[in-house]
Amino acid sequence: MIQQFIDQAPIFFTLNNGLYWLRALMTTLSMALIGCVVGFIFGFVLVYFRTSPIPWLLPLRALLIAYVEIFRRIPFLVLTFLILFASRGFGFQLSLFWVACVTIVLIATAYIAEIIRAGIEAVHRNQWECADVMNFSRARTMLYVIVPQSWVFIVPPAFSYFIMFIKETSLTSQIGTMELMSAGKYFNSIGISPLMAYGTCLLLYFALSYPLTRLGRRIEVRLKNRFKGNMATLRASDQ
Amino acid sequence: MSYTLQWGVAFDYLPYFLGGALVTLHLTFLGFLAGLIIGITTAVAQVYGSPLMQRTANIYVVFFTNTPSLVTAFFIFFGLPEFGILLSPYLCILINLALNAGAFLADVFRSGIQSVKTTEMEAAEIMGFSLFQKVQYVIAPHIAKTLYPPISNLYIIFILGSALASIFGVEELTGRAFNVDSETFRSIEIYTIAATIYVLMTFAASFALALVGRYVFRVKARMF
Amino acid sequence: MTQLEINGLFAEYSPSLPILEDVSLKIETGEIISIIGPSGSGKSTILRVLVGLLHPSQGHVIVNGTEVNYKSPSALKSMRDTMAMVFQQFNLFQNMSVLRNVMIAPLKIKKEPEAEVEARAKEYLEIMGLGEKFDAYPDQLSGGQQQRVALARALALRPKILLLDEVTSALDPEMVNEVLDAIRVLSTKGITLIIVSHEMAFVREVSDRVIMMDDGKVVEIGTPDEIFTAAKTQRCRDFISNIIQH
Ligand SMILES: Nc1ncnc2c1ncn2[C@@H]1O[C@H](COP(=O)(O)OP(=O)(O)OP(=O)(O)O)[C@@H](O)[C@H]1O
Ligand SMILES: [Mg+2]
């Protein structure tokens, strides 16, 4: 095994291969980033309508609840295939990269919507009432009062989901997007030992995920410190 | 070009799919159970262990929580035979699931242990509880309240994650969907049915977990 | 002139469990009215109906001669334009500085010019004794300071009617007086004040009239002297003597 490693090292560690891995890494990262950013925006819109008090929006609200409940319960792999075949079957010529992005958006929207909803609910009810009495519209209350306060509850878990999606994208190698996992498979297929090919893969995923996890913790601590007093009032209200 | 949906063919395979769902369920149940044991052990090692044990436990957790389980599954699947260990795909996936679940659960248990340590234990200390009483009155209820919900959530996530077993030829729900797809080419219908079964299955699991939580651990879990 | 009139008001949080039953009141412009009564008697509920947080199931609310149509958002809006309310707790927007809290509604909702709003906000904060605290955040203030900011914020809306719901009951005793002092300042400004309070000495001192409530009904209305020394109903006498003893 060691001998094989030494033999293959000169073939494997070349500039071209390095660029190949870098491209794969960027693909992984951009899929997760696009998916989560769009999912975040959609999640907000979804929650905004889901919590709307307007009576005739009731059917829409039911639909949105169903969406959230369903899309948090479909495996990423299964949904990837479904989107791939559905887009082909119904004549949308999506590239594999975009098939993966759409899949992530669909699932991330559902997950992040739940996070956002919980974050918004964690803000004290009186903040709504104060704004109401001062004639704030619902949109303005959200914008000026509620969202800035729920940030501390939303950002840390949403960031964890982003990291989770970076790892989930490895499954899109099954439909052939050229991301990290596919790169590992490619090098394995041209004769590089699996230990070296998938080991590199593993290291690169780790190199993405671990610093981001640490960053996420730092962000969490920062936000909590900023909102320390606010958290105290929230705790008092729980009693 | 437009695809015409034909549900009949796919529905013929419903019993086969449901059999697959059953495989998914016992695979994840066993894997998660093993994960619970690994998780508790790791968390205890992280908090109470010698420096070496703490280090090892930390490395294990950091490694598995920061790498995709698909990649670790590849290592187990292709790596173990290198050492002359030949296991069935089912067992390989089971091990991978247990190791991954163990790492995530260790995180949950560790924060649980640490929160007990700092708050209620002081009170129990002052009231002069024996060790057994501490476990009974302080630790167990605390764990039930704060740990049960995230653990149930993780179980659902691992049911969904177990779909990757299909890549290694395990004939669980997704694996069987692959099989039927390659026979019938009714891809959209087949994956829709598989997705629906996953939705129903995880709903059932959530419901069962909520019931257990309510009657065993007295946790008032919110279903939605 | 009658500024606010409530006729045969019924209100409830859940159907068929009336919290307010047949409440009728008339309040003159510039009057200072206090509402007293045991916990759960519906004092807050009246205020919540007046600012449209709760819609009445029966009865009329007439503000400045126009009946409020609770079904119409624009009618609610214009009613709220004439009123401001300070709650018991969690009044201030936690994500904004003191000055921003006072400025936000006039600036963003009423669209008044920024310079003017800022000058006014600073003036009211000075009146409330918070000249040093413009840039502080709510979590850096004591409870009493927070309530005084809330009063300044309510004033900055230039309401015709100001509703105060037990603004001192969540405070430590030593902070109660600073807030009551602030309300005393208000009481000389000619704004109609509706005060819900358990501070009986204060109520007696500042009010023009006192309303005693029990179990969702108005038990008695009278001048402070009438209510505190010569109440006509037994219920009111019991309540007063109970409170005074404590
Ligand atoms: N949001 C609500 N939902 C349901 N019932 C409520 C709600 N708020 C108040 N109530 C009920 O309405 C009744 C009157 O409440 P209200 O808050 O008006 O009393 P109060 O006179 O202000 O009492 P306190 O002095 O304790 O503030 C109480 O029985 C209370 O339980
Ligand atoms: Mg009240």
# chains A, B, ... in the order shown; residues from 1 in each chain; ligands from 1

call {"tool": "residues_around", "arguments": {"residues": "B:Phe63", "least_positions_apart": "5", "cutoff": "12 Å", "atoms": "only C-alpha atoms", "output": "list in words"}}
result
Leu202, Leu203, Tyr205, Phe206, Ala207, Ser209, Tyr210 and Thr213 of chain A; Arg55, Thr56, Ala57, Asn58, Pro68, Ser69, Val71, Thr72, Leu99, Asn100, Gly102, Ala103 and Phe104 of chain B

call {"tool": "residues_near_ligand", "arguments": {"ligand": "ligand 1", "cutoff": "7 Å", "atoms": "only C-alpha atoms and all ligand atoms", "output": "tab-separated table (two decimals) with N, CA, C and O atoms, in the first residue's frame"}}
result
chain	number	residue	atom	x	y	z
C	13	TYR	N	-61.50	36.80	24.46
C	13	TYR	CA	-60.33	36.24	23.77
C	13	TYR	C	-60.71	34.94	23.07
C	13	TYR	O	-60.20	34.61	22.03
C	14	SER	N	-61.60	34.18	23.73
C	14	SER	CA	-62.09	32.97	23.07
C	14	SER	C	-63.62	33.02	23.11
C	14	SER	O	-64.19	33.53	24.07
C	19	ILE	N	-64.82	38.58	28.51
C	19	ILE	CA	-63.92	39.16	29.51
C	19	ILE	C	-64.46	40.53	29.92
C	19	ILE	O	-64.42	40.89	31.09
C	37	GLY	N	-58.81	47.97	39.93
C	37	GLY	CA	-59.58	46.74	40.06
C	37	GLY	C	-58.66	45.58	40.25
C	37	GLY	O	-57.46	45.67	39.98
C	38	PRO	N	-59.18	44.45	40.73
C	38	PRO	CA	-58.33	43.29	40.99
C	38	PRO	C	-57.73	42.71	39.71
C	38	PRO	O	-58.21	42.99	38.62
C	39	SER	N	-56.71	41.93	39.87
C	39	SER	CA	-56.06	41.27	38.75
C	39	SER	C	-57.06	40.41	38.00
C	39	SER	O	-57.86	39.71	38.61
C	40	GLY	N	-57.02	40.48	36.68
C	40	GLY	CA	-57.93	39.68	35.87
C	40	GLY	C	-59.30	40.30	35.69
C	40	GLY	O	-60.20	39.68	35.12
C	41	SER	N	-59.47	41.55	36.15
C	41	SER	CA	-60.80	42.14	36.04
C	41	SER	C	-61.06	42.73	34.67
C	41	SER	O	-62.17	43.17	34.39
C	42	GLY	N	-60.06	42.78	33.81
C	42	GLY	CA	-60.29	43.23	32.44
C	42	GLY	C	-59.77	44.63	32.15
C	42	GLY	O	-60.10	45.21	31.12
C	43	LYS	N	-58.92	45.14	33.03
C	43	LYS	CA	-58.40	46.50	32.83
C	43	LYS	C	-57.56	46.57	31.55
C	43	LYS	O	-57.77	47.44	30.70
C	44	SER	N	-56.61	45.66	31.45
C	44	SER	CA	-55.78	45.66	30.24
C	44	SER	C	-56.62	45.42	29.01
C	44	SER	O	-56.35	45.97	27.94
C	45	THR	N	-57.62	44.58	29.16
C	45	THR	CA	-58.44	44.23	28.00
C	45	THR	C	-59.13	45.47	27.42
C	45	THR	O	-59.19	45.62	26.20
C	46	ILE	N	-59.60	46.37	28.28
C	46	ILE	CA	-60.20	47.61	27.77
C	46	ILE	C	-59.18	48.37	26.91
C	46	ILE	O	-59.48	48.78	25.79

call {"tool": "residues_around", "arguments": {"residues": "stretch 78-90 of chain A", "least_positions_apart": "6", "cutoff": "12 Å", "atoms": "only C-alpha atoms", "output": "PyMOL selection string"}}
result
(chain A and resi 70-72+96-107+168-177) or (chain B and resi 1-5+160-167+173-178+181+185-199)

call {"tool": "atom_distance", "arguments": {"atom1": "atom CA of B:Gly31", "atom2": "atom CA of B:Ile157"}}
result
12.7 Å

call {"tool": "interface_residues", "arguments": {"of": "chain C", "to": "chain A", "cutoff": "9 Å", "atoms": "only C-alpha atoms", "output": "VMD selection string"}}
result
chain C and resid 51 to 53 76 to 78 80 to 81 83 to 87 89 to 96 104 to 105 108 to 110 138 to 140 154 157

call {"tool": "closest_residue", "arguments": {"among": "C:Arg48, C:Ile6, C:Val23, C:Ala156", "to": "C:Glu112", "atoms": "only C-alpha atoms"}}
result
C:Ala156

call {"tool": "residues_around", "arguments": {"residues": "stretch 3-18 of chain A", "least_positions_apart": "2", "cutoff": "8 Å", "atoms": "only C-alpha atoms", "output": "PDB file with N, CA and C atoms, in the first residue's frame"}}
result
ATOM      1  N   MET A   1       0.832  -1.200   0.000  1.00  0.00           N
ATOM      2  CA  MET A   1       0.000   0.000   0.000  1.00  0.00           C
ATOM      3  C   MET A   1       0.871   1.257   0.000  1.00  0.00           C
ATOM      4  N   TYR A  20      -7.615  20.536 -11.242  1.00  0.00           N
ATOM      5  CA  TYR A  20      -8.828  19.717 -11.360  1.00  0.00           C
ATOM      6  C   TYR A  20      -9.549  19.645 -10.010  1.00  0.00           C
ATOM      7  N   TRP A  21      -8.775  19.376  -8.958  1.00  0.00           N
ATOM      8  CA  TRP A  21      -9.366  19.314  -7.618  1.00  0.00           C
ATOM      9  C   TRP A  21      -9.932  20.665  -7.213  1.00  0.00           C
ATOM     10  N   LEU A  22      -9.216  21.718  -7.547  1.00  0.00           N
ATOM     11  CA  LEU A  22      -9.677  23.050  -7.162  1.00  0.00           C
ATOM     12  C   LEU A  22     -11.012  23.362  -7.820  1.00  0.00           C
ATOM     13  N   ILE A 192      -5.535   5.653  -9.995  1.00  0.00           N
ATOM     14  CA  ILE A 192      -4.980   6.103  -8.727  1.00  0.00           C
ATOM     15  C   ILE A 192      -5.574   5.239  -7.613  1.00  0.00           C
ATOM     16  N   SER A 193      -4.780   4.913  -6.612  1.00  0.00           N
ATOM     17  CA  SER A 193      -5.293   4.033  -5.562  1.00  0.00           C
ATOM     18  C   SER A 193      -6.462   4.708  -4.846  1.00  0.00           C
ATOM     19  N   MET A 196      -5.679   7.036  -2.021  1.00  0.00           N
ATOM     20  CA  MET A 196      -5.172   8.352  -2.372  1.00  0.00           C
ATOM     21  C   MET A 196      -6.302   9.220  -2.931  1.00  0.00           C
TER      22      MET A 196
END

call {"tool": "atom_distance", "arguments": {"atom1": "atom CA of A:Ala183", "atom2": "atom CA of A:Ala158"}}
result
27.7 Å

call {"tool": "select_by_dssp", "arguments": {"residues": "stretch 106-241 of chain C", "states": "helix (DSSP H, G or I)", "output": "short mmCIF file (atom, residue, chain, number, x, y, z; two decimals) with N, CA, C and O atoms, in the first residue's frame"}}
result
data_model
loop_
_atom_site.label_atom_id
_atom_site.label_comp_id
_atom_site.auth_asym_id
_atom_site.auth_seq_id
_atom_site.Cartn_x
_atom_site.Cartn_y
_atom_site.Cartn_z
N PRO C 106 -42.39 58.03 14.09
CA PRO C 106 -42.62 59.29 13.38
C PRO C 106 -41.88 59.34 12.05
O PRO C 106 -42.40 59.84 11.06
N LEU C 107 -40.68 58.77 12.04
CA LEU C 107 -39.83 58.86 10.86
C LEU C 107 -40.30 57.93 9.75
O LEU C 107 -40.50 58.34 8.61
N LYS C 108 -40.47 56.65 10.09
CA LYS C 108 -40.73 55.66 9.05
C LYS C 108 -42.22 55.44 8.79
O LYS C 108 -42.60 55.02 7.71
N ILE C 109 -43.05 55.68 9.80
CA ILE C 109 -44.46 55.41 9.61
C ILE C 109 -45.21 56.70 9.27
O ILE C 109 -45.98 56.75 8.33
N GLU C 114 -36.72 64.12 9.11
CA GLU C 114 -35.83 63.55 10.10
C GLU C 114 -35.33 64.55 11.14
O GLU C 114 -35.33 64.26 12.34
N ALA C 115 -34.92 65.73 10.68
CA ALA C 115 -34.35 66.70 11.61
C ALA C 115 -35.36 67.08 12.69
O ALA C 115 -35.03 67.13 13.88
N GLU C 116 -36.58 67.27 12.25
CA GLU C 116 -37.63 67.66 13.18
C GLU C 116 -37.92 66.54 14.18
O GLU C 116 -38.01 66.78 15.39
N VAL C 117 -38.00 65.31 13.66
CA VAL C 117 -38.26 64.16 14.52
C VAL C 117 -37.15 64.00 15.55
O VAL C 117 -37.41 63.79 16.73
N GLU C 118 -35.92 64.17 15.09
CA GLU C 118 -34.80 63.98 15.99
C GLU C 118 -34.82 65.03 17.10
O GLU C 118 -34.63 64.71 18.28
N ALA C 119 -35.09 66.26 16.72
CA ALA C 119 -35.12 67.34 17.72
C ALA C 119 -36.20 67.04 18.76
O ALA C 119 -35.99 67.17 19.97
N ARG C 120 -37.35 66.63 18.27
CA ARG C 120 -38.46 66.36 19.17
C ARG C 120 -38.14 65.17 20.08
O ARG C 120 -38.38 65.20 21.29
N ALA C 121 -37.57 64.11 19.48
CA ALA C 121 -37.24 62.93 20.27
C ALA C 121 -36.28 63.30 21.39
O ALA C 121 -36.46 62.90 22.55
N LYS C 122 -35.28 64.10 21.05
CA LYS C 122 -34.29 64.49 22.07
C LYS C 122 -34.95 65.32 23.16
O LYS C 122 -34.67 65.14 24.34
N GLU C 123 -35.86 66.18 22.74
CA GLU C 123 -36.55 67.02 23.72
C GLU C 123 -37.33 66.15 24.71
O GLU C 123 -37.22 66.32 25.93
N TYR C 124 -38.09 65.21 24.18
CA TYR C 124 -38.89 64.37 25.09
C TYR C 124 -38.01 63.51 25.98
O TYR C 124 -38.32 63.27 27.14
N LEU C 125 -36.92 63.03 25.41
CA LEU C 125 -36.02 62.22 26.24
C LEU C 125 -35.42 63.07 27.35
O LEU C 125 -35.24 62.60 28.48
N GLU C 126 -35.11 64.32 27.03
CA GLU C 126 -34.61 65.24 28.07
C GLU C 126 -35.66 65.41 29.16
O GLU C 126 -35.35 65.35 30.36
N ILE C 127 -36.90 65.62 28.74
CA ILE C 127 -37.97 65.79 29.72
C ILE C 127 -38.03 64.58 30.65
O ILE C 127 -38.24 64.70 31.85
N PRO C 138 -31.67 49.16 24.88
CA PRO C 138 -32.57 48.85 25.99
C PRO C 138 -31.94 47.94 27.05
O PRO C 138 -32.19 48.12 28.24
N ASP C 139 -31.12 46.96 26.60
CA ASP C 139 -30.58 46.04 27.60
C ASP C 139 -29.50 46.67 28.46
O ASP C 139 -28.99 46.05 29.38
N GLN C 140 -29.15 47.92 28.16
CA GLN C 140 -28.17 48.60 29.01
C GLN C 140 -28.85 49.55 29.99
O GLN C 140 -28.19 50.31 30.69
N GLY C 143 -34.94 49.03 34.42
CA GLY C 143 -36.35 48.93 34.08
C GLY C 143 -37.04 50.28 34.09
O GLY C 143 -37.84 50.59 33.21
N GLY C 144 -36.70 51.10 35.09
CA GLY C 144 -37.33 52.41 35.20
C GLY C 144 -36.95 53.31 34.03
O GLY C 144 -37.79 54.00 33.46
N GLN C 145 -35.67 53.24 33.64
CA GLN C 145 -35.23 54.03 32.49
C GLN C 145 -35.93 53.57 31.22
O GLN C 145 -36.37 54.38 30.41
N GLN C 146 -36.07 52.25 31.09
CA GLN C 146 -36.75 51.73 29.90
C GLN C 146 -38.17 52.25 29.81
O GLN C 146 -38.63 52.65 28.74
N GLN C 147 -38.87 52.23 30.94
CA GLN C 147 -40.25 52.71 30.90
C GLN C 147 -40.31 54.20 30.59
O GLN C 147 -41.23 54.67 29.93
N ARG C 148 -39.32 54.97 31.05
CA ARG C 148 -39.32 56.39 30.72
C ARG C 148 -39.04 56.61 29.23
O ARG C 148 -39.62 57.50 28.62
N VAL C 149 -38.19 55.76 28.65
CA VAL C 149 -38.00 55.84 27.20
C VAL C 149 -39.32 55.53 26.50
O VAL C 149 -39.71 56.21 25.55
N ALA C 150 -40.00 54.51 27.01
CA ALA C 150 -41.27 54.14 26.39
C ALA C 150 -42.26 55.30 26.46
O ALA C 150 -43.01 55.55 25.51
N LEU C 151 -42.25 56.03 27.58
CA LEU C 151 -43.13 57.20 27.69
C LEU C 151 -42.72 58.27 26.68
O LEU C 151 -43.56 58.86 26.00
N ALA C 152 -41.42 58.51 26.56
CA ALA C 152 -40.94 59.50 25.59
C ALA C 152 -41.34 59.10 24.18
O ALA C 152 -41.76 59.92 23.37
N ARG C 153 -41.23 57.78 23.90
CA ARG C 153 -41.58 57.31 22.57
C ARG C 153 -43.07 57.53 22.29
O ARG C 153 -43.45 57.95 21.20
N ALA C 154 -43.88 57.25 23.31
CA ALA C 154 -45.32 57.45 23.14
C ALA C 154 -45.60 58.94 22.89
O ALA C 154 -46.39 59.29 22.02
N LEU C 155 -44.94 59.82 23.63
CA LEU C 155 -45.16 61.25 23.47
C LEU C 155 -44.74 61.75 22.10
O LEU C 155 -45.37 62.62 21.51
N ALA C 156 -43.64 61.17 21.59
CA ALA C 156 -43.12 61.61 20.31
C ALA C 156 -44.12 61.37 19.18
O ALA C 156 -44.02 61.96 18.12
N PRO C 173 -39.15 48.50 43.45
CA PRO C 173 -39.77 49.63 44.17
C PRO C 173 -39.04 50.96 43.98
O PRO C 173 -39.68 51.99 43.77
N GLU C 174 -37.71 50.93 43.99
CA GLU C 174 -37.01 52.22 43.94
C GLU C 174 -37.13 52.90 42.59
O GLU C 174 -36.84 54.08 42.45
N MET C 175 -37.56 52.13 41.57
CA MET C 175 -37.70 52.75 40.25
C MET C 175 -39.10 53.24 39.99
O MET C 175 -39.36 53.95 39.03
N VAL C 176 -40.04 52.82 40.85
CA VAL C 176 -41.44 53.19 40.62
C VAL C 176 -41.58 54.70 40.64
O VAL C 176 -42.20 55.29 39.75
N ASN C 177 -40.96 55.33 41.62
CA ASN C 177 -41.17 56.76 41.77
C ASN C 177 -40.66 57.58 40.59
O ASN C 177 -41.29 58.54 40.18
N GLU C 178 -39.53 57.17 40.04
CA GLU C 178 -39.01 57.95 38.91
C GLU C 178 -39.98 57.90 37.74
O GLU C 178 -40.13 58.88 37.01
N VAL C 179 -40.65 56.75 37.55
CA VAL C 179 -41.61 56.66 36.45
C VAL C 179 -42.87 57.44 36.78
O VAL C 179 -43.42 58.16 35.93
N LEU C 180 -43.32 57.33 38.04
CA LEU C 180 -44.51 58.09 38.42
C LEU C 180 -44.27 59.59 38.27
O LEU C 180 -45.14 60.33 37.80
N ASP C 181 -43.07 60.03 38.63
CA ASP C 181 -42.72 61.44 38.44
C ASP C 181 -42.85 61.84 36.98
O ASP C 181 -43.36 62.91 36.65
N ALA C 182 -42.38 60.95 36.12
CA ALA C 182 -42.47 61.24 34.68
C ALA C 182 -43.92 61.38 34.25
O ALA C 182 -44.26 62.25 33.43
N ILE C 183 -44.79 60.52 34.81
CA ILE C 183 -46.20 60.61 34.43
C ILE C 183 -46.81 61.89 34.99
O ILE C 183 -47.65 62.52 34.33
N ARG C 184 -46.38 62.30 36.16
CA ARG C 184 -46.87 63.58 36.70
C ARG C 184 -46.58 64.71 35.74
O ARG C 184 -47.42 65.58 35.52
N VAL C 185 -45.38 64.67 35.16
CA VAL C 185 -45.03 65.71 34.18
C VAL C 185 -46.03 65.68 33.03
O VAL C 185 -46.55 66.72 32.59
N LEU C 186 -46.36 64.48 32.56
CA LEU C 186 -47.31 64.35 31.45
C LEU C 186 -48.68 64.90 31.81
O LEU C 186 -49.36 65.48 30.97
N SER C 187 -49.06 64.68 33.05
CA SER C 187 -50.44 64.98 33.42
C SER C 187 -50.73 66.47 33.34
O SER C 187 -51.87 66.88 33.38
N MET C 200 -52.16 53.19 44.42
CA MET C 200 -53.39 53.90 44.79
C MET C 200 -53.16 55.35 45.18
O MET C 200 -53.94 56.23 44.81
N ALA C 201 -52.07 55.60 45.89
CA ALA C 201 -51.82 56.99 46.31
C ALA C 201 -51.63 57.86 45.08
O ALA C 201 -52.17 58.98 44.99
N PHE C 202 -50.93 57.34 44.11
CA PHE C 202 -50.68 58.07 42.87
C PHE C 202 -51.98 58.31 42.11
O PHE C 202 -52.26 59.41 41.63
N VAL C 203 -52.77 57.24 42.00
CA VAL C 203 -54.06 57.34 41.31
C VAL C 203 -54.90 58.46 41.94
O VAL C 203 -55.48 59.30 41.26
N ARG C 204 -54.92 58.44 43.25
CA ARG C 204 -55.73 59.41 43.97
C ARG C 204 -55.25 60.85 43.71
O ARG C 204 -56.03 61.77 43.55
N GLU C 205 -53.93 60.95 43.62
CA GLU C 205 -53.34 62.27 43.44
C GLU C 205 -53.59 62.86 42.06
O GLU C 205 -53.98 64.02 41.94
N VAL C 206 -53.37 62.05 40.99
CA VAL C 206 -53.39 62.66 39.65
C VAL C 206 -54.73 62.59 38.93
O VAL C 206 -54.97 63.36 38.01
N PRO C 224 -61.74 60.77 42.64
CA PRO C 224 -60.88 60.00 43.54
C PRO C 224 -61.41 60.01 44.97
O PRO C 224 -61.43 58.96 45.63
N ASP C 225 -61.86 61.17 45.44
CA ASP C 225 -62.35 61.22 46.81
C ASP C 225 -63.55 60.33 47.01
O ASP C 225 -63.65 59.60 48.00
N GLU C 226 -64.47 60.37 46.05
CA GLU C 226 -65.65 59.50 46.16
C GLU C 226 -65.24 58.03 46.24
O GLU C 226 -65.69 57.29 47.10
N ILE C 227 -64.36 57.62 45.33
CA ILE C 227 -64.00 56.21 45.27
C ILE C 227 -63.21 55.79 46.51
O ILE C 227 -63.45 54.73 47.09
N PHE C 228 -62.28 56.63 46.93
CA PHE C 228 -61.39 56.18 48.00
C PHE C 228 -61.95 56.39 49.41
O PHE C 228 -61.52 55.72 50.34
N THR C 229 -62.89 57.32 49.56
CA THR C 229 -63.39 57.53 50.91
C THR C 229 -64.88 57.26 51.05
O THR C 229 -65.35 56.94 52.13
N GLN C 234 -70.33 47.99 47.92
CA GLN C 234 -69.57 47.19 48.88
C GLN C 234 -68.29 46.65 48.25
O GLN C 234 -67.22 46.66 48.84
N ARG C 235 -68.41 46.18 47.00
CA ARG C 235 -67.28 45.58 46.29
C ARG C 235 -66.10 46.56 46.23
O ARG C 235 -64.95 46.20 46.45
N CYS C 236 -66.43 47.79 45.91
CA CYS C 236 -65.41 48.82 45.78
C CYS C 236 -64.77 49.12 47.14
O CYS C 236 -63.55 49.21 47.26
N ARG C 237 -65.60 49.23 48.18
CA ARG C 237 -65.06 49.49 49.53
C ARG C 237 -64.12 48.36 49.96
O ARG C 237 -63.04 48.61 50.48
N ASP C 238 -64.54 47.10 49.69
CA ASP C 238 -63.69 45.95 50.05
C ASP C 238 -62.33 46.04 49.37
O ASP C 238 -61.29 45.86 49.99
N PHE C 239 -62.40 46.33 48.07
CA PHE C 239 -61.16 46.37 47.29
C PHE C 239 -60.22 47.45 47.82
O PHE C 239 -59.04 47.22 48.04
N ILE C 240 -60.78 48.63 48.04
CA ILE C 240 -59.96 49.76 48.52
C ILE C 240 -59.36 49.44 49.89
O ILE C 240 -58.15 49.61 50.10
N SER C 241 -60.17 48.92 50.79
CA SER C 241 -59.64 48.68 52.13
C SER C 241 -58.57 47.59 52.10
O SER C 241 -57.58 47.65 52.80
#

call {"tool": "residues_around", "arguments": {"residues": "B:Phe158", "least_positions_apart": "5", "cutoff": "8 Å", "atoms": "only C-alpha atoms", "output": "PyMOL selection string"}}
result
chain B and resi 28+32+97+101

call {"tool": "write_last_selection", "arguments": {"atoms": "C-alpha atoms", "output": "CSV table (one decimal), in the first residue's frame"}}
result
chain,number,residue,atom,x,y,z
B,28,THR,CA,-31.4,2.9,10.6
B,32,PHE,CA,-28.8,4.5,15.4
B,97,LEU,CA,-24.2,4.8,10.0
B,101,ALA,CA,-24.6,8.8,14.2

call {"tool": "closest_residue", "arguments": {"among": "C:Thr66, C:Ser97, C:Gln88, C:Thr168", "to": "ligand 2", "atoms": "only C-alpha atoms and all ligand atoms"}}
result
C:Gln88

call {"tool": "select_by_dssp", "arguments": {"residues": "stretch 34-237 of chain C", "states": "strand (DSSP E)", "output": "PyMOL selection string"}}
result
chain C and resi 34-36+58-63+66-67+83-86+161-165+192-196+209-214+217-222

call {"tool": "atom_distance", "arguments": {"atom1": "atom CA of A:Phe49", "atom2": "atom CA of A:Met142"}}
result
11.9 Å
